[in-house]
file protein.tsv (TSV, C-alpha atoms and all ligand atoms)
chain	number	residue	atom	x	y	z
A	895	MET	CA	-45.50	4.88	-34.60
A	896	GLU	CA	-41.73	5.16	-35.02
A	897	ALA	CA	-39.89	6.63	-32.03
A	898	ILE	CA	-39.57	10.40	-32.46
A	899	ASP	CA	-36.46	12.21	-31.27
A	900	TRP	CA	-38.50	15.02	-29.65
A	901	LYS	CA	-35.47	17.07	-28.59
A	902	ASN	CA	-33.98	17.23	-32.10
A	903	LEU	CA	-37.09	17.78	-34.18
A	904	PRO	CA	-36.67	20.14	-37.13
A	905	PHE	CA	-39.45	22.46	-38.31
A	906	GLY	CA	-40.85	20.06	-40.88
A	907	TYR	CA	-43.52	17.55	-41.79
A	908	ILE	CA	-43.99	14.23	-40.02
A	909	LYS	CA	-46.90	11.95	-40.86
A	910	THR	CA	-49.45	11.70	-38.06
A	911	ASN	CA	-52.60	9.57	-37.65
A	912	TYR	CA	-55.43	11.73	-38.90
A	913	ASN	CA	-56.41	15.03	-40.46
A	914	VAL	CA	-59.84	16.68	-40.48
A	915	ARG	CA	-61.69	18.18	-43.43
A	916	CYS	CA	-64.75	20.29	-44.15
A	917	THR	CA	-66.21	21.10	-47.56
A	918	PHE	CA	-68.27	24.06	-48.70
A	919	SER	CA	-70.58	23.12	-51.57
A	920	ASP	CA	-74.10	24.01	-52.68
A	921	GLY	CA	-73.77	27.18	-50.62
A	922	LYS	CA	-73.16	25.51	-47.23
A	923	TRP	CA	-70.47	23.97	-45.04
A	924	GLY	CA	-70.77	20.19	-44.57
A	925	PRO	CA	-69.87	18.08	-41.50
A	926	ILE	CA	-66.30	17.79	-40.16
A	927	GLU	CA	-64.82	14.60	-41.59
A	928	VAL	CA	-61.86	12.61	-40.27
A	929	SER	CA	-59.37	11.23	-42.80
A	930	ASP	CA	-56.30	9.02	-42.51
A	931	SER	CA	-55.12	9.90	-46.01
A	932	GLU	CA	-52.35	12.40	-46.64
A	933	TYR	CA	-53.73	13.14	-50.09
A	934	ILE	CA	-56.48	15.35	-51.54
A	935	PRO	CA	-58.29	14.07	-54.62
A	936	MET	CA	-58.81	17.08	-56.84
A	937	HIS	CA	-59.97	18.08	-60.30
A	938	MET	CA	-57.12	19.22	-62.54
A	939	ALA	CA	-59.03	22.42	-63.31
A	940	ALA	CA	-59.54	23.27	-59.60
A	941	ALA	CA	-59.38	27.05	-59.08
A	942	CYS	CA	-56.62	26.80	-56.45
A	943	LEU	CA	-54.25	25.11	-58.92
A	944	HIS	CA	-54.53	27.84	-61.53
A	945	TYR	CA	-55.45	31.07	-59.87
A	946	GLY	CA	-53.95	30.59	-56.43
A	947	GLN	CA	-57.11	30.57	-54.30
A	948	GLU	CA	-55.36	29.19	-51.23
A	949	ALA	CA	-55.07	30.48	-47.67
A	950	PHE	CA	-53.55	28.86	-44.62
A	951	GLU	CA	-52.89	29.29	-40.92
A	952	GLY	CA	-50.35	28.13	-38.37
A	953	LEU	CA	-50.96	27.67	-34.65
A	954	LYS	CA	-49.55	25.46	-31.95
A	955	ALA	CA	-50.54	23.07	-29.16
A	956	PHE	CA	-48.22	22.54	-26.17
A	957	ARG	CA	-48.00	19.88	-23.47
A	958	GLY	CA	-47.57	21.54	-20.10
A	959	ALA	CA	-45.77	20.48	-16.95
A	960	ASP	CA	-49.21	19.37	-15.66
A	961	GLY	CA	-49.57	17.00	-18.65
A	962	LYS	CA	-52.40	19.08	-20.14
A	963	VAL	CA	-52.46	20.11	-23.80
A	964	ARG	CA	-53.01	23.82	-24.46
A	965	VAL	CA	-53.77	25.52	-27.77
A	966	PHE	CA	-52.72	29.17	-28.05
A	967	ARG	CA	-55.22	31.81	-29.24
A	968	MET	CA	-57.14	29.69	-31.75
A	969	ASP	CA	-59.92	32.31	-31.97
A	970	GLU	CA	-57.37	34.78	-33.36
A	971	ASN	CA	-56.22	32.29	-36.00
A	972	ALA	CA	-59.87	31.59	-36.87
A	973	ALA	CA	-60.46	35.31	-37.41
A	974	ARG	CA	-57.33	35.74	-39.56
A	975	PHE	CA	-58.25	32.62	-41.59
A	976	ARG	CA	-61.58	34.28	-42.38
A	977	SER	CA	-59.93	37.57	-43.25
A	978	SER	CA	-57.44	35.82	-45.58
A	979	ALA	CA	-60.29	33.92	-47.27
A	980	GLU	CA	-62.26	37.13	-47.79
A	981	GLY	CA	-59.12	38.84	-49.13
A	982	ILE	CA	-59.03	36.46	-52.09
A	983	MET	CA	-62.79	35.98	-52.52
A	984	MET	CA	-63.03	32.58	-50.82
A	985	GLU	CA	-65.84	31.47	-48.51
A	986	PRO	CA	-64.78	32.27	-44.90
A	987	LEU	CA	-64.96	29.29	-42.51
A	988	PRO	CA	-67.18	30.02	-39.46
A	989	THR	CA	-65.11	30.41	-36.29
A	990	ASP	CA	-66.99	27.67	-34.42
A	991	ILE	CA	-66.19	25.12	-37.16
A	992	PHE	CA	-62.53	26.24	-37.17
A	993	CYS	CA	-62.23	25.78	-33.39
A	994	GLU	CA	-64.03	22.43	-33.45
A	995	MET	CA	-61.65	21.22	-36.17
A	996	VAL	CA	-58.65	22.31	-34.08
A	997	ARG	CA	-59.93	20.46	-30.98
A	998	LYS	CA	-60.63	17.36	-33.02
A	999	VAL	CA	-57.36	17.21	-34.95
A	1000	VAL	CA	-55.31	17.72	-31.77
A	1001	ALA	CA	-57.29	15.09	-29.83
A	1002	LEU	CA	-57.00	12.56	-32.68
A	1003	ASN	CA	-53.22	13.01	-32.76
A	1004	ALA	CA	-52.58	13.32	-29.01
A	1005	GLU	CA	-49.61	10.95	-29.15
A	1006	PHE	CA	-47.82	13.45	-31.42
A	1007	VAL	CA	-48.00	16.35	-28.97
A	1008	PRO	CA	-44.34	16.56	-27.88
A	1009	PRO	CA	-43.65	15.88	-24.19
A	1010	TYR	CA	-43.13	18.79	-21.79
A	1011	GLY	CA	-39.53	19.87	-21.48
A	1012	THR	CA	-38.45	18.97	-25.02
A	1013	GLY	CA	-38.93	22.49	-26.40
A	1014	ALA	CA	-41.01	21.01	-29.23
A	1015	SER	CA	-44.72	21.58	-29.93
A	1016	LEU	CA	-47.53	20.38	-32.18
A	1017	TYR	CA	-47.92	22.66	-35.19
A	1018	ILE	CA	-51.47	22.85	-36.53
A	1019	ARG	CA	-51.82	23.73	-40.21
A	1020	PRO	CA	-55.29	24.67	-41.49
A	1021	LEU	CA	-55.61	25.39	-45.21
A	1022	GLU	CA	-58.42	26.37	-47.53
A	1023	ILE	CA	-58.55	25.90	-51.29
A	1024	GLY	CA	-60.96	26.68	-54.09
A	1025	ILE	CA	-61.86	23.33	-55.67
A	1026	SER	CA	-64.45	24.09	-58.35
A	1027	PRO	CA	-63.24	23.01	-61.79
A	1028	GLN	CA	-63.10	26.08	-64.01
A	1029	VAL	CA	-61.09	27.79	-66.68
A	1030	GLY	CA	-61.37	31.56	-66.46
A	1031	VAL	CA	-60.34	33.89	-63.68
A	1032	LYS	CA	-63.18	34.04	-61.17
A	1033	PRO	CA	-63.74	32.89	-57.59
A	1034	SER	CA	-64.44	29.20	-57.02
A	1035	LYS	CA	-67.94	28.14	-55.90
A	1036	ASP	CA	-66.77	25.21	-53.76
A	1037	TYR	CA	-64.07	25.11	-51.10
A	1038	LEU	CA	-62.19	22.54	-49.04
A	1039	VAL	CA	-60.66	23.18	-45.62
A	1040	VAL	CA	-58.11	20.64	-44.40
A	1041	MET	CA	-56.40	20.72	-41.01
A	1042	PHE	CA	-53.39	18.56	-40.30
A	1043	VAL	CA	-50.78	18.56	-37.55
A	1044	THR	CA	-47.07	17.83	-37.29
A	1045	PRO	CA	-44.73	17.91	-34.30
A	1046	VAL	CA	-42.06	20.59	-34.74
A	1047	GLY	CA	-38.86	21.91	-33.21
A	1048	PRO	CA	-37.34	25.38	-33.65
A	1049	TYR	CA	-37.94	27.34	-36.88
A	1050	PHE	CA	-34.45	28.83	-37.00
A	1051	LYS	CA	-31.58	26.35	-36.66
A	1052	THR	CA	-30.13	28.62	-34.00
A	1053	GLY	CA	-33.24	28.19	-31.79
A	1054	PHE	CA	-33.24	30.99	-29.20
A	1055	ALA	CA	-29.62	31.92	-30.00
A	1056	PRO	CA	-29.38	35.13	-32.08
A	1057	THR	CA	-29.64	34.67	-35.83
A	1058	LYS	CA	-28.29	36.68	-38.78
A	1059	VAL	CA	-30.56	38.20	-41.43
A	1060	CYS	CA	-29.96	40.23	-44.60
A	1061	MET	CA	-31.83	43.14	-46.13
A	1062	SER	CA	-32.22	44.18	-49.76
A	1063	ARG	CA	-34.30	46.67	-51.74
A	1064	ASN	CA	-34.25	44.41	-54.79
A	1065	TYR	CA	-37.01	42.09	-53.58
A	1066	ASP	CA	-40.61	42.51	-52.47
A	1067	ARG	CA	-42.77	39.90	-50.78
A	1068	VAL	CA	-45.98	41.74	-51.62
A	1069	ALA	CA	-47.25	44.84	-53.47
A	1070	PRO	CA	-48.07	48.13	-51.66
A	1071	LEU	CA	-51.84	47.72	-52.08
A	1072	GLY	CA	-51.57	43.94	-52.38
A	1073	THR	CA	-52.20	40.90	-50.22
A	1074	GLY	CA	-49.51	41.24	-47.52
A	1075	ALA	CA	-52.00	41.27	-44.65
A	1076	PHE	CA	-53.43	37.91	-45.74
A	1077	LYS	CA	-51.86	34.52	-45.12
A	1078	ILE	CA	-52.12	33.18	-48.66
A	1079	GLY	CA	-49.82	30.87	-50.60
A	1080	GLY	CA	-49.13	33.44	-53.31
A	1081	ASN	CA	-47.25	35.72	-50.89
A	1082	TYR	CA	-44.95	32.87	-49.95
A	1083	ALA	CA	-44.33	31.85	-53.58
A	1084	ALA	CA	-43.33	35.46	-54.20
A	1085	SER	CA	-40.86	35.33	-51.31
A	1086	LEU	CA	-39.03	32.13	-52.29
A	1087	LYS	CA	-36.40	33.71	-54.53
A	1088	ALA	CA	-35.33	36.24	-51.90
A	1089	GLY	CA	-35.46	33.57	-49.17
A	1090	GLU	CA	-33.19	31.21	-51.11
A	1091	LEU	CA	-30.78	34.06	-51.88
A	1092	ALA	CA	-30.60	34.85	-48.16
A	1093	HIS	CA	-29.85	31.16	-47.38
A	1094	ASP	CA	-27.21	30.97	-50.11
A	1095	LEU	CA	-25.49	33.99	-48.60
A	1096	GLY	CA	-25.51	32.37	-45.14
A	1097	TYR	CA	-28.46	34.26	-43.61
A	1098	SER	CA	-31.57	32.76	-42.06
A	1099	VAL	CA	-34.07	35.06	-43.85
A	1100	MET	CA	-34.54	38.13	-46.01
A	1101	PHE	CA	-35.65	41.27	-44.19
A	1102	TYR	CA	-38.15	43.20	-46.32
A	1103	LEU	CA	-38.57	46.95	-46.47
A	1104	ASP	CA	-41.94	48.54	-47.20
A	1105	PRO	CA	-42.71	47.85	-50.87
A	1106	LYS	CA	-43.81	51.39	-51.73
A	1107	GLU	CA	-40.95	53.60	-50.60
A	1108	LYS	CA	-38.31	51.16	-49.30
A	1109	LYS	CA	-37.84	53.53	-46.39
A	1110	TYR	CA	-39.42	51.62	-43.53
A	1111	LEU	CA	-38.91	48.23	-41.90
A	1112	ASP	CA	-41.59	45.72	-42.87
A	1113	GLU	CA	-41.13	42.01	-42.14
A	1114	CYS	CA	-38.37	39.66	-41.17
A	1115	GLY	CA	-38.96	36.67	-43.49
A	1116	ALA	CA	-42.16	34.93	-42.34
A	1117	ALA	CA	-42.15	36.73	-39.01
A	1118	ASN	CA	-42.87	40.21	-37.64
A	1119	PHE	CA	-40.02	42.46	-36.51
A	1120	PHE	CA	-39.52	44.25	-33.20
A	1121	GLY	CA	-36.87	46.50	-31.76
A	1122	ILE	CA	-36.26	47.40	-28.14
A	1123	ARG	CA	-34.84	50.71	-26.97
A	1124	GLY	CA	-34.92	51.70	-23.32
A	1125	ASN	CA	-38.38	50.91	-22.00
A	1126	SER	CA	-39.99	50.81	-25.48
A	1127	TYR	CA	-41.10	47.87	-27.61
A	1128	ILE	CA	-41.24	49.17	-31.19
A	1129	THR	CA	-42.82	47.23	-34.06
A	1130	PRO	CA	-43.84	48.21	-37.61
A	1131	ASP	CA	-47.33	49.43	-38.39
A	1132	SER	CA	-47.71	48.50	-42.05
A	1133	SER	CA	-50.56	47.39	-44.29
A	1134	SER	CA	-48.20	45.06	-46.17
A	1135	ILE	CA	-47.25	42.81	-43.22
A	1136	LEU	CA	-49.15	39.89	-41.73
A	1137	PRO	CA	-50.82	40.90	-38.46
A	1138	SER	CA	-48.92	38.47	-36.23
A	1139	ILE	CA	-50.80	36.94	-33.33
A	1140	THR	CA	-47.50	36.35	-31.53
A	1141	ASN	CA	-46.57	40.01	-31.94
A	1142	LYS	CA	-49.99	41.13	-30.69
A	1143	SER	CA	-49.47	38.91	-27.63
A	1144	ILE	CA	-45.94	40.19	-27.01
A	1145	CYS	CA	-47.18	43.80	-27.24
A	1146	GLN	CA	-49.64	42.96	-24.45
A	1147	LEU	CA	-46.94	41.23	-22.38
A	1148	ALA	CA	-44.63	44.22	-22.86
A	1149	GLU	CA	-47.40	46.53	-21.61
A	1150	ASP	CA	-47.99	44.19	-18.66
A	1151	LEU	CA	-44.29	44.65	-17.83
A	1152	GLY	CA	-44.77	48.42	-17.83
A	1153	MET	CA	-43.11	48.97	-21.21
A	1154	THR	CA	-44.31	51.48	-23.80
A	1155	VAL	CA	-45.48	49.84	-27.03
A	1156	GLU	CA	-45.00	51.80	-30.25
A	1157	ARG	CA	-46.68	50.55	-33.42
A	1158	ARG	CA	-45.57	52.86	-36.19
A	1159	HIS	CA	-43.50	53.26	-39.33
A	1160	ILE	CA	-39.87	52.54	-38.46
A	1161	PRO	CA	-37.33	54.22	-40.76
A	1162	VAL	CA	-34.39	51.96	-41.71
A	1163	GLU	CA	-31.97	54.41	-40.05
A	1164	GLU	CA	-33.57	53.69	-36.69
A	1165	LEU	CA	-31.96	50.23	-36.77
A	1166	GLU	CA	-28.77	51.70	-35.37
A	1167	THR	CA	-30.57	52.96	-32.26
A	1168	PHE	CA	-32.03	49.66	-31.03
A	1169	GLU	CA	-30.51	47.77	-28.12
A	1170	GLU	CA	-32.22	44.48	-29.00
A	1171	VAL	CA	-34.03	43.34	-32.14
A	1172	GLY	CA	-35.85	40.16	-33.04
A	1173	ALA	CA	-38.32	38.27	-35.19
A	1174	CYS	CA	-41.55	36.88	-33.79
A	1175	GLY	CA	-44.21	34.47	-34.94
A	1176	THR	CA	-45.85	31.14	-34.17
A	1177	ALA	CA	-42.95	29.27	-35.76
A	1178	ALA	CA	-40.20	31.74	-34.82
A	1179	VAL	CA	-41.63	32.32	-31.27
A	1180	ILE	CA	-39.20	35.11	-30.30
A	1181	SER	CA	-35.99	34.74	-32.27
A	1182	PRO	CA	-33.37	37.30	-31.31
A	1183	VAL	CA	-31.50	38.79	-34.26
A	1184	GLY	CA	-27.79	39.43	-33.67
A	1185	GLU	CA	-26.94	40.99	-37.02
A	1186	ILE	CA	-28.74	42.66	-39.94
A	1187	ASP	CA	-26.64	43.09	-43.06
A	1188	ASP	CA	-27.81	45.53	-45.72
A	1189	ILE	CA	-26.47	43.68	-48.76
A	1190	ASP	CA	-27.18	46.65	-51.08
A	1191	THR	CA	-25.04	49.15	-49.17
A	1192	GLY	CA	-22.70	46.85	-47.24
A	1193	ARG	CA	-23.83	48.39	-43.97
A	1194	SER	CA	-24.10	46.05	-41.01
A	1195	TYR	CA	-26.12	46.47	-37.80
A	1196	LYS	CA	-25.00	44.39	-34.82
A	1197	TYR	CA	-26.83	43.63	-31.58
A	1198	GLY	CA	-25.71	42.13	-28.29
A	1199	ASP	CA	-22.80	39.91	-27.36
A	1200	GLY	CA	-23.93	36.69	-29.06
A	1201	ASN	CA	-26.54	36.00	-26.40
A	1202	PRO	CA	-30.25	36.90	-26.41
A	1203	GLY	CA	-30.93	40.34	-24.90
A	1204	LYS	CA	-32.44	40.79	-21.44
A	1205	ILE	CA	-35.89	42.06	-22.51
A	1206	SER	CA	-36.23	39.54	-25.36
A	1207	THR	CA	-35.49	36.77	-22.84
A	1208	LEU	CA	-38.01	38.15	-20.38
A	1209	LEU	CA	-40.74	38.33	-23.04
A	1210	TYR	CA	-39.84	34.87	-24.39
A	1211	ASN	CA	-40.09	33.32	-20.92
A	1212	LYS	CA	-43.46	35.00	-20.27
A	1213	LEU	CA	-44.90	33.85	-23.59
A	1214	ARG	CA	-43.61	30.28	-23.30
A	1215	GLY	CA	-44.70	30.19	-19.67
A	1216	ILE	CA	-48.31	30.96	-20.62
A	1217	GLN	CA	-48.24	28.44	-23.48
A	1218	LEU	CA	-46.90	25.72	-21.20
A	1219	GLY	CA	-49.21	26.52	-18.29
A	1220	GLU	CA	-46.36	27.69	-16.05
A	1221	GLU	CA	-47.49	31.32	-15.94
A	1222	PRO	CA	-51.04	32.47	-15.14
A	1223	ASP	CA	-53.09	32.93	-18.32
A	1224	THR	CA	-54.41	36.33	-17.27
A	1225	HIS	CA	-55.64	37.27	-20.77
A	1226	GLY	CA	-57.48	34.00	-21.48
A	1227	TRP	CA	-55.19	33.04	-24.37
A	1228	VAL	CA	-55.02	29.27	-24.01
A	1229	GLU	CA	-57.65	26.57	-24.31
A	1230	ILE	CA	-57.03	23.21	-22.66
A	1231	ILE	CA	-57.98	20.29	-24.88
A	1232	GLU	CA	-59.76	18.03	-22.42
A	1233	ASP	CA	-59.16	14.34	-21.81
A	1234	ILE	CA	-56.06	13.77	-23.89
A	1301	LIG	C1	-45.30	36.62	-43.27
A	1301	LIG	C2	-45.53	36.31	-41.84
A	1301	LIG	N1	-45.42	37.29	-40.93
A	1301	LIG	C3	-45.63	37.08	-39.61
A	1301	LIG	C4	-45.94	35.82	-39.14
A	1301	LIG	C5	-46.18	35.62	-37.67
A	1301	LIG	O1	-47.56	35.51	-37.41
A	1301	LIG	P1	-48.09	34.68	-36.16
A	1301	LIG	O2	-47.45	35.23	-34.96
A	1301	LIG	O3	-49.56	34.89	-36.16
A	1301	LIG	O4	-47.71	33.26	-36.41
A	1301	LIG	C6	-46.04	34.75	-40.04
A	1301	LIG	C7	-46.37	33.41	-39.55
A	1301	LIG	O5	-47.52	33.07	-39.43
A	1301	LIG	C8	-45.84	35.00	-41.41
A	1301	LIG	O6	-45.95	34.00	-42.30
call {"tool": "encode", "arguments": {"input": "protein.tsv", "output": "structure tokens"}}
result
Amino acid sequence: MEAIDWKNLPFGYIKTNYNVRCTFSDGKWGPIEVSDSEYIPMHMAAACLHYGQEAFEGLKAFRGADGKVRVFRMDENAARFRSSAEGIMMEPLPTDIFCEMVRKVVALNAEFVPPYGTGASLYIRPLEIGISPQVGVKPSKDYLVVMFVTPVGPYFKTGFAPTKVCMSRNYDRVAPLGTGAFKIGGNYAASLKAGELAHDLGYSVMFYLDPKEKKYLDECGAANFFGIRGNSYITPDSSSILPSITNKSICQLAEDLGMTVERRHIPVEELETFEEVGACGTAAVISPVGEIDDIDTGRSYKYGDGNPGKISTLLYNKLRGIQLGEEPDTHGWVEIIEDI
């Protein structure tokens, strides 16, 4: 293995030793198989290649100060993976197989779990595809689940320093009664144009408004949005956003700190009333947002003095503390992968 510069890792792909796979065919899931190949042999008429039957997940493993490796809330990712599969008529992977695959793929690649103190983590990427060869729009009969890992650094180049995002009504990630609540490839394909435009204009991501009325805040690129005002943590309730496991966890942490959590529609105009705002997700962790520019109207919303806000920092430290085994895991969110 080539020496990895753990402290300067980007959020990207690095080849590791093994991945694990499980196939659904003849109406049942087969055994978990270990592979050292980075490739998937596939029929050119496979359903996923034509009709987009693909779902994925993203979760992380962390090495703690005690040297132990902890995986964060894998049961939640297993449940969402099933929900995404069902959303596009794929066979849902049983939770016990999902969790066993996670334990196995992390253990097999233990040397790629970044050392404690580097800020990096091991990103685990499960994906499911429809593999039956067919021409004609209908659900596949057979499915393949692959889980690979890659060590990653911060998602936004700015890390925990506040980032700048833009907002426009000219782009939607998903349709009002569409697939926004599922983690499927098609949603991300649909977001690429807006994402590249945001980058070209010097922003880290595109901030989406609700696709039906364009009145309410929806998602901040591939992350959920939150705003903080006084003692309240306010985050969108919307059927077109991905139910973020990070956001769910932060809501709990905010309540633990005695804050009021509001999950509701957030009108765009409310942006001017927040004291702190941010994006949250497995990749983004908690990424404070320092500026939101509405590129349709020219209006700009600014937050803070260039540093992360006080409450965002508090929540970030709590969340990271639990993931790294520095804070008590009072909600039972982490599983220690034994003997690695
Ligand atoms: C569109 C979208 N929203 C939100 C999130 C954050 O979800 P989570 O915290 O479960 O990673 C992600 C990342 O998974 C995402 O892709």
call {"tool": "residues_around", "arguments": {"input": "protein.tsv", "residues": "Thr1207 in chain A", "least_positions_apart": "6", "cutoff": "12 Å", "atoms": "only C-alpha atoms", "output": "count of residues only"}}
result
17
call {"tool": "residues_near_ligand", "arguments": {"input": "protein.tsv", "ligand": "ligand LIG 1301 (chain A)", "cutoff": "6 Å", "atoms": "only C-alpha atoms and all ligand atoms", "output": "PyMOL selection string"}}
result
chain A and resi 952+1116-1118+1136+1138-1141+1175-1176
call {"tool": "closest_residue", "arguments": {"input": "protein.tsv", "among": "A:Leu953, A:Val1039, A:Ile991, A:Ile1189", "to": "Tyr1097 in chain A", "atoms": "only C-alpha atoms"}}
result
A:Ile1189
call {"tool": "residues_around", "arguments": {"input": "protein.tsv", "residues": "Ala949 in chain A", "least_positions_apart": "5", "cutoff": "9 Å", "atoms": "only C-alpha atoms", "output": "NGL selection string"}}
result
:A and (975 or 978-979 or 982 or 984 or 1020-1023 or 1076-1080)
call {"tool": "closest_residue", "arguments": {"input": "protein.tsv", "among": "A:Asn1081, A:Ser1194, A:Gln1028, A:Ser1015", "to": "Arg964 in chain A", "atoms": "all atoms listed in the file"}}
result
A:Ser1015
call {"tool": "residues_around", "arguments": {"input": "protein.tsv", "residues": "Pro904 in chain A", "least_positions_apart": "3", "cutoff": "10 Å", "atoms": "all atoms listed in the file", "output": "VMD selection string"}}
result
chain A and resid 899 to 901 907 to 908 1014 1045 to 1051
call {"tool": "write_last_selection", "arguments": {"input": "protein.tsv", "atoms": "C-alpha atoms", "output": "CSV table (one decimal), in the coordinates of the input"}}
result
chain,number,residue,atom,x,y,z
A,899,ASP,CA,-36.5,12.2,-31.3
A,900,TRP,CA,-38.5,15.0,-29.6
A,901,LYS,CA,-35.5,17.1,-28.6
A,907,TYR,CA,-43.5,17.6,-41.8
A,908,ILE,CA,-44.0,14.2,-40.0
A,1014,ALA,CA,-41.0,21.0,-29.2
A,1045,PRO,CA,-44.7,17.9,-34.3
A,1046,VAL,CA,-42.1,20.6,-34.7
A,1047,GLY,CA,-38.9,21.9,-33.2
A,1048,PRO,CA,-37.3,25.4,-33.6
A,1049,TYR,CA,-37.9,27.3,-36.9
A,1050,PHE,CA,-34.4,28.8,-37.0
A,1051,LYS,CA,-31.6,26.4,-36.7
call {"tool": "residues_around", "arguments": {"input": "protein.tsv", "residues": "range 920-926 of chain A", "least_positions_apart": "5", "cutoff": "12 Å", "atoms": "only C-alpha atoms", "output": "list in words"}}
result
Asn913, Val914, Arg915, Glu985, Pro986, Leu987, Pro988, Asp990, Ile991, Phe992, Cys993, Glu994, Met995, Val996, Arg997, Lys998, Val999, Ser1026, Ser1034, Lys1035, Asp1036, Tyr1037, Leu1038, Val1039, Val1040 and Met1041 of chain A
call {"tool": "atom_distance", "arguments": {"input": "protein.tsv", "atom1": "CA of Phe1042 in chain A", "atom2": "CA of Trp1227 in chain A"}}
result
21.6 Å
call {"tool": "residues_around", "arguments": {"input": "protein.tsv", "residues": "Ala941 in chain A", "least_positions_apart": "4", "cutoff": "9 Å", "atoms": "all atoms listed in the file", "output": "list in words"}}
result
Tyr945, Gly946, Gln947, Ile1023, Gly1024, Ile1025, Ser1026, Pro1027, Gln1028, Val1029, Gly1030, Val1031, Lys1032, Pro1033 and Ser1034 of chain A
call {"tool": "closest_residue", "arguments": {"input": "protein.tsv", "among": "A:Lys1204, A:Arg1123, A:Arg1019, A:Lys1058", "to": "Val1183 in chain A", "atoms": "only C-alpha atoms"}}
result
A:Lys1058
call {"tool": "atom_distance", "arguments": {"input": "protein.tsv", "atom1": "CA of Asp1190 in chain A", "atom2": "CA of Glu1164 in chain A"}}
result
17.2 Å
call {"tool": "atom_distance", "arguments": {"input": "protein.tsv", "atom1": "CA of Pro1008 in chain A", "atom2": "CA of Thr1044 in chain A"}}
result
9.9 Å
call {"tool": "closest_residue", "arguments": {"input": "protein.tsv", "among": "A:Lys1087, A:Cys916, A:Arg974, A:Tyr933", "to": "Phe950 in chain A", "atoms": "only C-alpha atoms"}}
result
A:Arg974
call {"tool": "axis_aligned_box", "arguments": {"input": "protein.tsv", "around": "range 930-941 of chain A", "padding_each_side": "5 Å", "output": "JSON"}}
result
{"center_x": -56.2, "center_y": 18.0, "center_z": -52.9, "size_x": 17.6, "size_y": 28.0, "size_z": 30.8}
